[in-house]
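Visitor: Below you'll find final11.tsv; it's TSV, C-alpha atoms.
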chain	number	residue	atom	x	y	z
L	699	MET	CA	15.97	-56.61	19.58
L	700	ALA	CA	16.48	-55.22	23.07
L	701	ASP	CA	19.81	-56.05	24.58
L	702	SER	CA	19.31	-57.58	28.03
L	703	ASN	CA	22.77	-56.36	29.13
L	704	THR	CA	22.04	-52.74	28.26
L	705	VAL	CA	21.84	-50.37	31.22
L	706	THR	CA	18.81	-48.10	30.89
L	707	PRO	CA	19.84	-44.44	31.07
L	708	GLY	CA	18.05	-42.10	33.48
L	709	TYR	CA	15.28	-39.86	32.13
L	710	PHE	CA	17.25	-36.69	32.80
L	711	ASN	CA	20.31	-38.16	31.13
L	712	ALA	CA	18.26	-39.18	28.07
L	713	LEU	CA	16.92	-35.66	27.75
L	714	THR	CA	20.24	-33.83	28.14
L	715	VAL	CA	22.76	-36.12	26.46
L	716	GLY	CA	22.03	-34.69	23.00
L	717	LEU	CA	22.30	-31.08	24.10
L	718	TRP	CA	26.07	-31.10	24.56
L	719	ARG	CA	27.81	-34.42	25.34
L	720	GLU	CA	26.40	-36.11	22.23
L	721	ASN	CA	25.41	-32.99	20.31
L	722	PRO	CA	25.01	-34.25	16.73
L	723	THR	CA	26.61	-31.19	15.11
L	724	PHE	CA	29.32	-30.01	17.48
L	725	ARG	CA	30.41	-33.28	19.10
L	726	LEU	CA	29.45	-36.19	16.85
L	727	LEU	CA	29.71	-34.33	13.52
L	728	ILE	CA	26.83	-36.25	11.96
L	729	GLY	CA	24.02	-34.91	9.79
L	730	MET	CA	26.25	-32.06	8.57
L	731	CYS	CA	24.28	-31.28	5.41
L	732	PRO	CA	21.59	-29.01	6.98
L	733	PRO	CA	24.10	-27.02	9.10
L	734	LEU	CA	25.86	-26.08	5.88
L	735	ALA	CA	22.84	-25.71	3.62
L	736	VAL	CA	19.97	-24.10	5.53
L	737	THR	CA	21.75	-21.73	7.89
L	738	THR	CA	21.67	-18.54	5.83
L	739	ALA	CA	18.95	-17.21	8.16
L	740	VAL	CA	17.51	-18.15	11.56
L	741	LYS	CA	13.90	-18.79	10.48
L	742	PRO	CA	14.63	-21.59	7.97
L	743	ALA	CA	17.18	-23.07	10.39
L	744	LEU	CA	14.60	-23.11	13.19
L	745	THR	CA	11.99	-24.65	10.88
L	746	MET	CA	14.41	-27.37	9.85
L	747	GLY	CA	15.25	-28.02	13.50
L	748	LEU	CA	11.58	-28.32	14.47
L	749	CYS	CA	10.97	-30.74	11.60
L	750	VAL	CA	13.92	-32.86	12.76
L	751	ILE	CA	12.57	-32.86	16.36
L	752	PHE	CA	9.14	-33.98	15.08
L	753	VAL	CA	10.61	-36.77	12.95
L	754	LEU	CA	13.03	-37.86	15.69
L	755	VAL	CA	10.36	-38.07	18.38
L	756	CYS	CA	7.76	-39.81	16.18
L	757	SER	CA	10.18	-42.32	14.66
L	758	ASN	CA	11.69	-43.03	18.09
L	759	ILE	CA	8.21	-43.78	19.48
L	760	VAL	CA	7.36	-46.17	16.64
L	761	ILE	CA	10.74	-47.92	16.69
L	762	SER	CA	10.69	-48.23	20.47
L	763	LEU	CA	7.19	-49.76	20.38
L	764	MET	CA	8.19	-52.40	17.85
L	765	ARG	CA	11.75	-52.99	19.15
L	766	ASN	CA	10.95	-56.50	20.35
L	767	LEU	CA	9.47	-57.46	16.98
L	768	LEU	CA	12.38	-56.23	14.86
L	769	LYS	CA	14.30	-58.98	13.07
L	770	PRO	CA	17.98	-58.15	12.51
L	771	HIS	CA	17.76	-58.18	8.70
L	772	LEU	CA	14.67	-55.93	8.71
L	773	ARG	CA	15.99	-53.45	11.26
L	774	ILE	CA	17.41	-50.78	8.94
L	775	ILE	CA	14.55	-51.02	6.43
L	776	MET	CA	12.02	-50.56	9.24
L	777	PHE	CA	13.94	-47.54	10.52
L	778	CYS	CA	13.98	-45.99	7.05
L	779	LEU	CA	10.31	-46.75	6.48
L	780	SER	CA	9.14	-45.06	9.67
L	781	ILE	CA	11.50	-42.09	9.22
L	782	ALA	CA	10.37	-41.62	5.60
L	783	ALA	CA	6.70	-41.69	6.63
L	784	PHE	CA	7.10	-38.95	9.24
L	785	VAL	CA	9.33	-36.84	6.99
L	786	THR	CA	6.65	-37.03	4.30
L	787	VAL	CA	4.02	-35.83	6.79
L	788	ALA	CA	6.30	-32.94	7.88
L	789	ASP	CA	6.96	-32.05	4.24
L	790	LEU	CA	3.22	-32.08	3.40
L	791	TYR	CA	2.46	-29.94	6.44
L	792	LEU	CA	5.07	-27.34	5.48
L	793	ARG	CA	3.92	-27.34	1.84
L	794	ASP	CA	0.32	-26.74	2.87
L	795	PHE	CA	0.65	-24.40	5.84
L	796	SER	CA	3.89	-22.54	5.13
L	797	PRO	CA	4.44	-22.70	1.36
L	798	LYS	CA	7.08	-19.96	1.34
L	799	MET	CA	9.19	-21.74	3.95
L	800	SER	CA	8.68	-24.99	2.07
L	801	GLU	CA	10.07	-23.30	-1.06
L	802	THR	CA	13.00	-21.85	0.90
L	803	LEU	CA	13.99	-25.21	2.39
L	804	GLY	CA	13.36	-27.04	-0.89
L	805	ALA	CA	14.80	-30.53	-1.02
L	806	TYR	CA	16.36	-30.33	2.44
L	807	ILE	CA	13.14	-31.37	4.20
L	808	PRO	CA	12.74	-34.62	2.20
L	809	LEU	CA	16.47	-35.16	2.72
L	810	ILE	CA	15.87	-35.56	6.48
L	811	ILE	CA	15.06	-39.17	5.52
L	812	VAL	CA	18.77	-39.83	4.99
L	813	ASN	CA	19.93	-37.72	7.92
L	814	CYS	CA	22.32	-39.81	10.02
L	815	ILE	CA	21.11	-38.30	13.31
L	816	ILE	CA	17.72	-39.96	13.09
L	817	ILE	CA	18.97	-43.41	12.11
L	818	PHE	CA	21.72	-43.07	14.74
L	819	ARG	CA	19.23	-42.29	17.53
L	820	ALA	CA	16.95	-45.09	16.32
L	821	GLU	CA	19.84	-47.54	16.47
L	822	ALA	CA	21.49	-46.23	19.65
L	823	CYS	CA	18.39	-45.54	21.72
L	824	ALA	CA	14.89	-46.25	20.35
L	825	SER	CA	15.61	-49.85	19.34
L	826	LYS	CA	16.89	-50.60	22.87
L	827	TYR	CA	14.90	-48.62	25.41
L	828	ASN	CA	11.28	-47.92	26.37
L	829	VAL	CA	9.04	-45.31	24.79
L	830	LEU	CA	9.53	-42.60	27.43
L	831	ILE	CA	13.32	-42.78	27.26
L	832	SER	CA	13.09	-42.73	23.45
L	833	ILE	CA	10.84	-39.65	23.45
L	834	LEU	CA	13.17	-37.77	25.82
L	835	ASP	CA	16.17	-38.81	23.75
L	836	GLY	CA	14.44	-37.58	20.58
L	837	ILE	CA	13.59	-34.23	22.18
L	838	GLY	CA	17.12	-33.82	23.58
L	839	SER	CA	19.00	-34.75	20.41
L	840	GLY	CA	16.60	-32.75	18.24
L	841	THR	CA	16.93	-29.71	20.47
L	842	GLY	CA	20.73	-30.01	20.46
L	843	PHE	CA	20.66	-30.13	16.65
L	844	THR	CA	18.22	-27.19	16.46
L	845	LEU	CA	20.35	-25.08	18.81
L	846	ALA	CA	23.44	-25.79	16.72
L	847	LEU	CA	21.58	-24.78	13.54
L	848	CYS	CA	20.27	-21.59	15.16
L	849	ILE	CA	23.68	-20.55	16.53
L	850	LEU	CA	25.24	-21.07	13.11
L	851	ALA	CA	22.38	-19.33	11.31
L	852	GLY	CA	22.30	-16.48	13.83
L	853	ILE	CA	26.00	-15.68	13.29
L	854	ARG	CA	25.67	-15.92	9.52
L	855	GLU	CA	22.49	-13.83	9.35
L	856	ILE	CA	23.91	-11.09	11.58
L	857	MET	CA	27.14	-10.90	9.59
L	858	ALA	CA	25.49	-11.20	6.17
L	859	ALA	CA	22.41	-9.02	6.63
L	860	GLY	CA	22.76	-7.28	9.99
L	861	THR	CA	19.53	-8.94	11.19
L	862	PHE	CA	18.58	-11.75	13.57
L	863	ALA	CA	15.41	-13.66	12.61
L	864	GLY	CA	14.53	-10.70	10.39
L	865	ILE	CA	14.95	-8.10	13.16
L	866	ARG	CA	17.66	-5.49	12.60
L	867	VAL	CA	20.38	-5.79	15.26
L	868	MET	CA	23.34	-4.03	13.64
L	869	PRO	CA	23.64	-0.27	13.12
L	870	ASP	CA	22.82	1.16	9.68
L	871	SER	CA	26.52	1.89	9.14
L	872	PHE	CA	27.29	-1.86	9.31
L	873	VAL	CA	28.65	-3.18	6.01
L	874	PRO	CA	27.23	-6.69	5.37
L	875	TRP	CA	29.68	-9.51	4.69
L	876	ALA	CA	28.20	-11.02	1.55
L	877	ALA	CA	30.53	-14.04	1.84
L	878	MET	CA	28.69	-15.16	4.98
L	879	GLN	CA	25.60	-15.88	2.92
L	880	MET	CA	27.55	-18.08	0.54
L	881	PRO	CA	28.72	-21.67	1.20
L	882	VAL	CA	32.15	-20.37	2.24
L	883	GLY	CA	30.47	-18.53	5.13
L	884	ALA	CA	28.88	-21.76	6.32
L	885	PHE	CA	32.15	-23.69	6.23
L	886	VAL	CA	34.18	-20.95	7.97
L	887	THR	CA	31.56	-20.39	10.71
L	888	LEU	CA	31.10	-24.11	11.29
L	889	GLY	CA	34.87	-24.60	11.45
L	890	LEU	CA	35.26	-21.83	14.03
L	891	LEU	CA	32.37	-23.18	16.13
L	892	LEU	CA	33.80	-26.72	16.01
L	893	GLY	CA	37.14	-25.32	17.16
L	894	LEU	CA	35.41	-23.49	20.00
L	895	SER	CA	33.52	-26.62	21.05
L	896	ALA	CA	36.81	-28.59	21.04
L	897	ILE	CA	38.42	-25.96	23.30
L	898	ILE	CA	35.46	-26.05	25.71
L	899	THR	CA	35.55	-29.86	25.80
L	900	ALA	CA	39.31	-29.92	26.40
L	901	LYS	CA	38.97	-27.43	29.27
L	902	LYS	CA	36.11	-29.45	30.80
L	903	ASP	CA	38.11	-32.68	30.62
I	1450	MET	CA	4.69	-73.58	-1.94
I	1451	LEU	CA	2.57	-73.05	1.17
I	1452	ASN	CA	5.64	-73.37	3.35
I	1453	LYS	CA	7.45	-70.79	1.26
I	1454	PHE	CA	4.53	-68.40	1.61
I	1455	LYS	CA	4.35	-69.05	5.34
I	1456	PHE	CA	8.07	-68.36	5.69
I	1457	PHE	CA	7.74	-65.17	3.66
I	1458	MET	CA	4.88	-63.94	5.83
I	1459	GLN	CA	6.72	-64.81	9.05
I	1460	GLN	CA	9.74	-62.83	7.92
I	1461	SER	CA	8.00	-59.81	6.51
I	1462	TRP	CA	4.59	-59.36	8.15
I	1463	LEU	CA	5.82	-56.42	10.21
I	1464	LEU	CA	7.23	-54.69	7.14
I	1465	LEU	CA	3.98	-55.22	5.20
I	1466	LEU	CA	1.82	-54.03	8.08
I	1467	ALA	CA	4.00	-50.97	8.74
I	1468	SER	CA	4.03	-50.07	5.03
I	1469	PHE	CA	0.24	-50.24	4.94
I	1470	LEU	CA	-0.20	-48.17	8.12
I	1471	PHE	CA	2.35	-45.53	7.13
I	1472	GLY	CA	0.82	-45.28	3.66
I	1473	LEU	CA	-2.59	-44.83	5.27
I	1474	MET	CA	-1.21	-42.13	7.57
I	1475	ILE	CA	0.26	-40.18	4.64
I	1476	ALA	CA	-2.94	-40.55	2.60
I	1477	VAL	CA	-5.07	-39.28	5.50
I	1478	ALA	CA	-2.73	-36.32	6.11
I	1479	ASP	CA	-2.66	-35.44	2.41
I	1480	SER	CA	-6.43	-35.60	1.96
I	1481	ALA	CA	-7.10	-33.72	5.21
I	1482	TRP	CA	-4.84	-30.85	4.12
I	1483	LYS	CA	-5.90	-30.86	0.44
I	1484	PRO	CA	-8.38	-27.93	0.79
I	1485	LYS	CA	-5.48	-25.85	2.13
I	1486	VAL	CA	-3.39	-26.71	-0.97
I	1487	GLU	CA	-6.22	-25.63	-3.26
I	1488	ALA	CA	-6.71	-22.42	-1.25
I	1489	ASN	CA	-2.96	-21.67	-1.41
I	1490	LYS	CA	-2.92	-22.23	-5.16
I	1491	THR	CA	-5.99	-20.05	-5.75
I	1492	ALA	CA	-4.52	-17.25	-3.59
I	1493	LYS	CA	-1.22	-17.49	-5.48
I	1494	ILE	CA	-2.98	-17.39	-8.86
I	1495	LYS	CA	-5.06	-14.36	-7.83
I	1496	ASN	CA	-1.95	-12.55	-6.57
I	1497	LEU	CA	-0.06	-13.25	-9.76
I	1498	MET	CA	-3.06	-12.23	-11.90
I	1499	LYS	CA	-3.34	-8.96	-10.01
I	1500	GLY	CA	0.36	-8.35	-10.66
I	1501	LEU	CA	-0.22	-8.58	-14.41
I	1502	ILE	CA	-3.40	-6.51	-14.73
I	1503	ASN	CA	-4.31	-4.20	-11.89
I	1504	ALA	CA	-8.02	-4.95	-12.16
I	1505	ALA	CA	-10.84	-4.30	-9.69
I	1506	SER	CA	-12.07	-7.86	-10.11
I	1507	PHE	CA	-11.60	-11.04	-12.10
I	1508	ASP	CA	-14.46	-13.10	-13.55
I	1509	ILE	CA	-14.37	-16.38	-15.40
I	1510	ALA	CA	-14.74	-15.56	-19.11
I	1511	VAL	CA	-14.56	-19.14	-20.42
I	1512	LYS	CA	-15.01	-22.08	-18.07
I	1513	ASP	CA	-12.87	-25.17	-18.78
I	1514	ALA	CA	-11.46	-23.92	-22.05
I	1515	ASN	CA	-9.30	-26.42	-23.93
I	1516	ILE	CA	-5.84	-24.86	-24.03
I	1517	GLN	CA	-3.17	-26.49	-26.15
I	1518	SER	CA	0.02	-27.50	-24.31
I	1519	SER	CA	3.02	-29.61	-25.27
I	1520	LYS	CA	1.22	-32.62	-23.80
I	1521	GLY	CA	-2.09	-32.09	-25.57
I	1522	LEU	CA	-5.22	-30.20	-24.56
I	1523	VAL	CA	-5.51	-29.02	-20.97
I	1524	LYS	CA	-8.78	-27.78	-19.47
I	1525	THR	CA	-8.37	-24.43	-17.76
I	1526	ASP	CA	-10.43	-21.32	-17.06
I	1527	ILE	CA	-9.86	-18.07	-18.92
I	1528	TYR	CA	-10.41	-15.06	-16.67
I	1529	LYS	CA	-11.41	-11.55	-17.69
I	1530	ALA	CA	-9.99	-8.62	-15.77
I	1531	LEU	CA	-12.55	-5.90	-15.09
I	1532	ASP	CA	-12.16	-2.33	-13.91
I	1533	ASP	CA	-14.54	-0.85	-11.33
I	1534	LYS	CA	-17.02	0.15	-14.12
I	1535	GLY	CA	-17.11	-3.37	-15.50
I	1536	ASN	CA	-14.97	-2.66	-18.58
I	1537	VAL	CA	-12.80	-5.53	-19.74
I	1538	LEU	CA	-9.12	-4.68	-19.33
I	1539	GLY	CA	-7.79	-7.98	-20.61
I	1540	PHE	CA	-7.82	-11.74	-20.26
I	1541	GLU	CA	-5.62	-14.08	-18.25
I	1542	TYR	CA	-5.16	-17.81	-18.49
I	1543	ILE	CA	-2.84	-20.59	-17.33
I	1544	ALA	CA	-0.61	-21.99	-20.07
I	1545	SER	CA	1.76	-24.89	-19.57
I	1546	GLY	CA	4.39	-26.98	-21.31
I	1547	SER	CA	7.43	-29.13	-20.70
I	1548	GLY	CA	10.54	-27.24	-19.64
I	1549	PHE	CA	14.11	-28.44	-19.13
I	1550	GLY	CA	13.67	-29.55	-15.50
I	1551	ASP	CA	9.95	-30.06	-15.19
I	1552	LYS	CA	6.59	-28.73	-16.34
I	1553	ILE	CA	6.44	-24.92	-16.64
I	1554	GLU	CA	3.13	-23.29	-15.71
I	1555	LEU	CA	2.59	-19.64	-16.61
I	1556	ILE	CA	-0.15	-17.12	-16.09
I	1557	VAL	CA	-0.37	-15.19	-19.34
I	1558	ALA	CA	-2.19	-11.87	-19.77
I	1559	VAL	CA	-3.47	-10.48	-23.08
I	1560	ASP	CA	-5.30	-7.23	-23.77
I	1561	ALA	CA	-9.06	-6.94	-24.26
I	1562	ASN	CA	-8.80	-7.51	-28.03
I	1563	CYS	CA	-6.26	-10.30	-27.69
I	1564	GLU	CA	-3.91	-8.33	-29.93
I	1565	LYS	CA	-0.98	-7.94	-27.58
I	1566	TYR	CA	0.44	-9.61	-24.51
I	1567	LEU	CA	0.44	-7.73	-21.24
I	1568	GLY	CA	3.03	-10.05	-19.69
I	1569	TYR	CA	3.33	-13.32	-17.83
I	1570	GLN	CA	4.09	-14.67	-14.38
I	1571	VAL	CA	5.59	-18.06	-13.53
I	1572	LEU	CA	3.14	-20.14	-11.51
I	1573	SER	CA	5.45	-23.14	-11.21
I	1574	SER	CA	8.74	-24.21	-12.73
I	1575	ASN	CA	11.82	-26.19	-11.80
I	1576	GLU	CA	14.36	-24.81	-14.25
I	1577	THR	CA	18.13	-24.74	-13.63
I	1578	PRO	CA	19.08	-22.06	-11.08
I	1579	GLY	CA	21.13	-19.32	-12.71
I	1580	PHE	CA	20.11	-20.35	-16.22
I	1581	GLY	CA	16.58	-21.53	-16.99
I	1582	ASP	CA	15.12	-19.90	-13.92
I	1583	LYS	CA	15.88	-16.51	-15.48
I	1584	ILE	CA	12.38	-16.81	-16.98
I	1585	LYS	CA	11.28	-15.39	-13.61
I	1586	THR	CA	13.44	-12.28	-13.98
I	1587	ASP	CA	12.36	-8.94	-15.41
I	1588	GLY	CA	15.13	-9.07	-18.04
I	1589	PHE	CA	13.40	-11.92	-19.86
I	1590	ARG	CA	9.82	-11.07	-18.91
I	1591	LYS	CA	9.97	-7.51	-20.26
I	1592	GLN	CA	10.32	-8.88	-23.80
I	1593	PHE	CA	6.72	-10.11	-23.60
I	1594	ILE	CA	5.10	-6.95	-22.23
I	1595	ASN	CA	3.19	-5.25	-25.05
I	1596	ALA	CA	4.56	-7.78	-27.56
I	1597	PRO	CA	2.13	-8.57	-30.41
I	1598	ALA	CA	-0.09	-11.61	-29.77
I	1599	VAL	CA	1.19	-13.49	-32.80
I	1600	GLU	CA	3.49	-16.49	-33.19
I	1601	PHE	CA	6.85	-15.87	-31.52
I	1602	ALA	CA	10.22	-16.78	-32.97
I	1603	LEU	CA	13.34	-17.43	-30.91
I	1604	THR	CA	16.61	-15.69	-31.70
I	1605	LYS	CA	20.00	-16.05	-30.05
I	1606	VAL	CA	21.24	-12.59	-31.04
I	1607	GLY	CA	19.21	-9.44	-30.79
I	1608	LYS	CA	18.17	-6.70	-28.46
I	1609	PRO	CA	15.73	-7.72	-25.73
I	1610	GLU	CA	14.58	-4.07	-25.54
I	1611	ASN	CA	12.99	-4.37	-29.01
I	1612	ILE	CA	9.38	-5.39	-28.41
I	1613	ASP	CA	8.33	-7.55	-31.35
I	1614	ASN	CA	7.64	-11.19	-32.12
I	1615	GLU	CA	11.34	-12.11	-31.80
I	1616	ILE	CA	12.31	-13.26	-28.33
I	1617	VAL	CA	15.99	-13.27	-27.38
I	1618	ALA	CA	16.87	-16.63	-25.78
I	1619	ILE	CA	18.41	-16.90	-22.33
I	1620	SER	CA	22.11	-17.59	-22.75
I	1621	GLY	CA	22.84	-21.20	-21.72
I	1622	ALA	CA	19.15	-22.10	-21.48
I	1623	THR	CA	18.03	-22.72	-25.05
I	1624	VAL	CA	15.73	-25.60	-24.06
I	1625	THR	CA	13.90	-23.46	-21.49
I	1626	SER	CA	13.68	-20.51	-23.91
I	1627	THR	CA	12.27	-22.76	-26.65
I	1628	ALA	CA	9.81	-24.24	-24.16
I	1629	MET	CA	8.60	-20.74	-23.25
I	1630	ILE	CA	8.03	-19.79	-26.89
I	1631	ASN	CA	6.16	-23.06	-27.48
I	1632	ILE	CA	3.93	-22.46	-24.47
I	1633	PHE	CA	2.96	-19.04	-25.79
I	1634	ASN	CA	2.52	-20.14	-29.40
I	1635	LYS	CA	0.54	-23.30	-28.66
I	1636	SER	CA	-1.80	-21.72	-26.13
I	1637	LEU	CA	-2.50	-18.53	-28.09
I	1638	VAL	CA	-4.46	-20.19	-30.91
I	1639	SER	CA	-6.74	-22.09	-28.52
I	1640	VAL	CA	-7.29	-19.03	-26.33
I	1641	LYS	CA	-8.24	-16.91	-29.35
I	1642	ASP	CA	-10.61	-19.67	-30.53
I	1643	ALA	CA	-12.25	-19.99	-27.11
I	1644	LEU	CA	-12.70	-16.21	-26.71
I	1645	SER	CA	-14.06	-15.68	-30.23
I	1646	GLN	CA	-16.50	-18.60	-29.83
I	1647	LYS	CA	-17.90	-16.80	-26.78
I	1648	GLY	CA	-18.02	-13.54	-28.74
I	1649	LEU	CA	-15.59	-11.86	-26.37
I	1650	ILE	CA	-13.18	-10.84	-29.14
I	1651	LYS	CA	-13.71	-10.23	-32.85
How does the structure come out when it is put into structure tokens?
Guide:
Amino acid sequence: MADSNTVTPGYFNALTVGLWRENPTFRLLIGMCPPLAVTTAVKPALTMGLCVIFVLVCSNIVISLMRNLLKPHLRIIMFCLSIAAFVTVADLYLRDFSPKMSETLGAYIPLIIVNCIIIFRAEACASKYNVLISILDGIGSGTGFTLALCILAGIREIMAAGTFAGIRVMPDSFVPWAAMQMPVGAFVTLGLLLGLSAIITAKKD
Amino acid sequence: MLNKFKFFMQQSWLLLLASFLFGLMIAVADSAWKPKVEANKTAKIKNLMKGLINAASFDIAVKDANIQSSKGLVKTDIYKALDDKGNVLGFEYIASGSGFGDKIELIVAVDANCEKYLGYQVLSSNETPGFGDKIKTDGFRKQFINAPAVEFALTKVGKPENIDNEIVAISGATVTSTAMINIFNKSLVSVKDALSQKGLIK
């Protein structure tokens, strides 16, 4: 149910809040499974990010449209239902039009259903504000998440294979760091990036 | 009773309506993209078949042959691989059975007389990474290339380099290894029957 005391954010603010100030990965630390699991290369990370943007925008539209009809005890189940429906469509699309990418991402696409970012945006924004604000919020948060995935994947791919999105960027003499392709590489890179984001935030404040 | 029903509908009509609409949306998307799934599967099968026998073309040798699997008879086509002069190089068919994780589907190739295997490719499987999924690796697959087309037996000790009817199991994946042997053994009899009924082998 829409809260009558809630102040509607501006359109620009809705679009940009997820890019840095409420970036799901670097600032809120929610939905941390994909940043650790699908960032071995840029292409799967970008695909995952695009799927999350699609699901976020679509579920935000639906939830925003029915926000005045939502009963408190049905709120979460309605969120999950709409998220699951759009994730299924994204999963079917990938399976049919990009089977290799679908195989690479495996269970992580269906697992978007339980990604905290989407439920969080549904609860924090779509269930309170109008459709346009919700769409912009979905695009902003999704883009922030996608950028975080791509930065993480870019670093790991360059260090582990000497390539960026499949294009060679390191000299032939470069010795790949095999550890960067393994889970330890994800944890170390994410830790360093979180540290960097904390330093930037502290300096800004 | 009527009041209870009315209360139930008042509380849950949105959930029921949304479930119906979302279900409809998924059904429409799935059926609209179904031809693409079939095309992907056909392209994958053709690619895998070409990897087993480097033939100029593939024709259907037996349409809807009944191939024995662990879950009974499955209807599938048996293909013949032809060279550019039209000579039969071998036959290929899809054989399936229950694995450790899920159903295993293989494309199996036999020679023109159905006397020896030319190899197999995994069409679909969901076996344990690092263990059962070694059925996709050359180390296990090489045991089947040029192996006699007779009933296989599984052994836990032996040399995989020896090409005979004894297949060395994958260490730590006995269930998957047994499933593979069963797929080969069960399908072979029905394939031989179907080919000899058509007069394609003696």
Visitor: If we count all atoms listed in the file and set the cut-off at 8 Å, which residues sit around range 1564-1581 of chain I, ignoring sequence neighbours fewer than 2 positions away in its own chain? Please answer as a count of residues only.
Guide: 39
Visitor: Taking 5 positions as the minimum chain separation for residues in the same chain, which residues sit within 9 Å of Thr1525 in chain I when counting all atoms listed in the file? Answer as a list in words.
Guide: Val1511, Lys1512, Asp1513, Ala1514, Asn1515, Ile1516, Tyr1542, Ile1543 and Ala1544 of chain I
Visitor: With 10 Å as the threshold, what does the neighbourhood of (13.5, -57.9, 10.7) contain in terms of residues, counting only C-alpha atoms? Coordinates are those of the file; answer as an mmCIF file with C-alpha atoms, keeping the file's coordinate frame.
Guide:
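Contents of out_33.cif, as written:
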data_model
loop_
_atom_site.group_PDB
_atom_site.id
_atom_site.type_symbol
_atom_site.label_atom_id
_atom_site.label_comp_id
_atom_site.auth_asym_id
_atom_site.auth_seq_id
_atom_site.Cartn_x
_atom_site.Cartn_y
_atom_site.Cartn_z
ATOM 1 C CA MET L 699 15.970 -56.610 19.580
ATOM 2 C CA ARG L 765 11.750 -52.990 19.150
ATOM 3 C CA LEU L 767 9.470 -57.460 16.980
ATOM 4 C CA LEU L 768 12.380 -56.230 14.860
ATOM 5 C CA LYS L 769 14.300 -58.980 13.070
ATOM 6 C CA PRO L 770 17.980 -58.150 12.510
ATOM 7 C CA HIS L 771 17.760 -58.180 8.700
ATOM 8 C CA LEU L 772 14.670 -55.930 8.710
ATOM 9 C CA ARG L 773 15.990 -53.450 11.260
ATOM 10 C CA ILE L 774 17.410 -50.780 8.940
ATOM 11 C CA ILE L 775 14.550 -51.020 6.430
ATOM 12 C CA MET L 776 12.020 -50.560 9.240
ATOM 13 C CA GLN I 1459 6.720 -64.810 9.050
ATOM 14 C CA GLN I 1460 9.740 -62.830 7.920
ATOM 15 C CA SER I 1461 8.000 -59.810 6.510
ATOM 16 C CA TRP I 1462 4.590 -59.360 8.150
ATOM 17 C CA LEU I 1463 5.820 -56.420 10.210
ATOM 18 C CA LEU I 1464 7.230 -54.690 7.140
#
Visitor: Measure the distance from CA of Pro732 in chain L to CA of Ser762 in chain L in Å and round it to one decimal.
Guide: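 Distance reported for this atom pair: 25.9 Å.
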Visitor: Using only C-alpha atoms, determine which residues of chain I fall within 10 Å of chain L; present them as a PDB file with C-alpha atoms, keeping the file's coordinate frame.
Guide:
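The new file out_2.pdb reads:
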ATOM      1  CA  GLN I1460       9.740 -62.830   7.920  1.00  0.00           C
ATOM      2  CA  SER I1461       8.000 -59.810   6.510  1.00  0.00           C
ATOM      3  CA  LEU I1463       5.820 -56.420  10.210  1.00  0.00           C
ATOM      4  CA  LEU I1464       7.230 -54.690   7.140  1.00  0.00           C
ATOM      5  CA  ALA I1467       4.000 -50.970   8.740  1.00  0.00           C
ATOM      6  CA  SER I1468       4.030 -50.070   5.030  1.00  0.00           C
ATOM      7  CA  LEU I1470      -0.200 -48.170   8.120  1.00  0.00           C
ATOM      8  CA  PHE I1471       2.350 -45.530   7.130  1.00  0.00           C
ATOM      9  CA  GLY I1472       0.820 -45.280   3.660  1.00  0.00           C
ATOM     10  CA  LEU I1473      -2.590 -44.830   5.270  1.00  0.00           C
ATOM     11  CA  MET I1474      -1.210 -42.130   7.570  1.00  0.00           C
ATOM     12  CA  ILE I1475       0.260 -40.180   4.640  1.00  0.00           C
ATOM     13  CA  ALA I1476      -2.940 -40.550   2.600  1.00  0.00           C
ATOM     14  CA  VAL I1477      -5.070 -39.280   5.500  1.00  0.00           C
ATOM     15  CA  ALA I1478      -2.730 -36.320   6.110  1.00  0.00           C
ATOM     16  CA  ASP I1479      -2.660 -35.440   2.410  1.00  0.00           C
ATOM     17  CA  TRP I1482      -4.840 -30.850   4.120  1.00  0.00           C
ATOM     18  CA  LYS I1483      -5.900 -30.860   0.440  1.00  0.00           C
ATOM     19  CA  PRO I1484      -8.380 -27.930   0.790  1.00  0.00           C
ATOM     20  CA  LYS I1485      -5.480 -25.850   2.130  1.00  0.00           C
ATOM     21  CA  VAL I1486      -3.390 -26.710  -0.970  1.00  0.00           C
ATOM     22  CA  GLU I1487      -6.220 -25.630  -3.260  1.00  0.00           C
ATOM     23  CA  ALA I1488      -6.710 -22.420  -1.250  1.00  0.00           C
ATOM     24  CA  ASN I1489      -2.960 -21.670  -1.410  1.00  0.00           C
ATOM     25  CA  LYS I1490      -2.920 -22.230  -5.160  1.00  0.00           C
TER      26      LYS I1490
END
Visitor: Quick one: distance from CA of Lys741 in chain L to CA of Gly893 in chain L in Å, one decimal?
Guide: 25.0 Å
Visitor: Can you pull out the residues contacting range 848-863 of chain L? Cut-off 9 Å, using only C-alpha atoms, and skip same-chain residues under 4 positions away; I want them as a ChimeraX atom specification.
Guide: /L:733-734,736-744,747,843-844,867-870,872-879,883-884,887-888,891
Visitor: Please report the interatomic distance between CA of Phe1589 in chain I and CA of Ser1547 in chain I in Å with one decimal.
Guide: 18.2 Å
Visitor: Name the closest residue to Met730 in chain L among the candidates L:Thr745, L:Asn813, L:Ser757, L:Thr714; distances are taken between atoms, counting all atoms listed in the file.
Guide: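 Residue with the minimum atom-to-atom distance to Met730 in chain L: L:Asn813.
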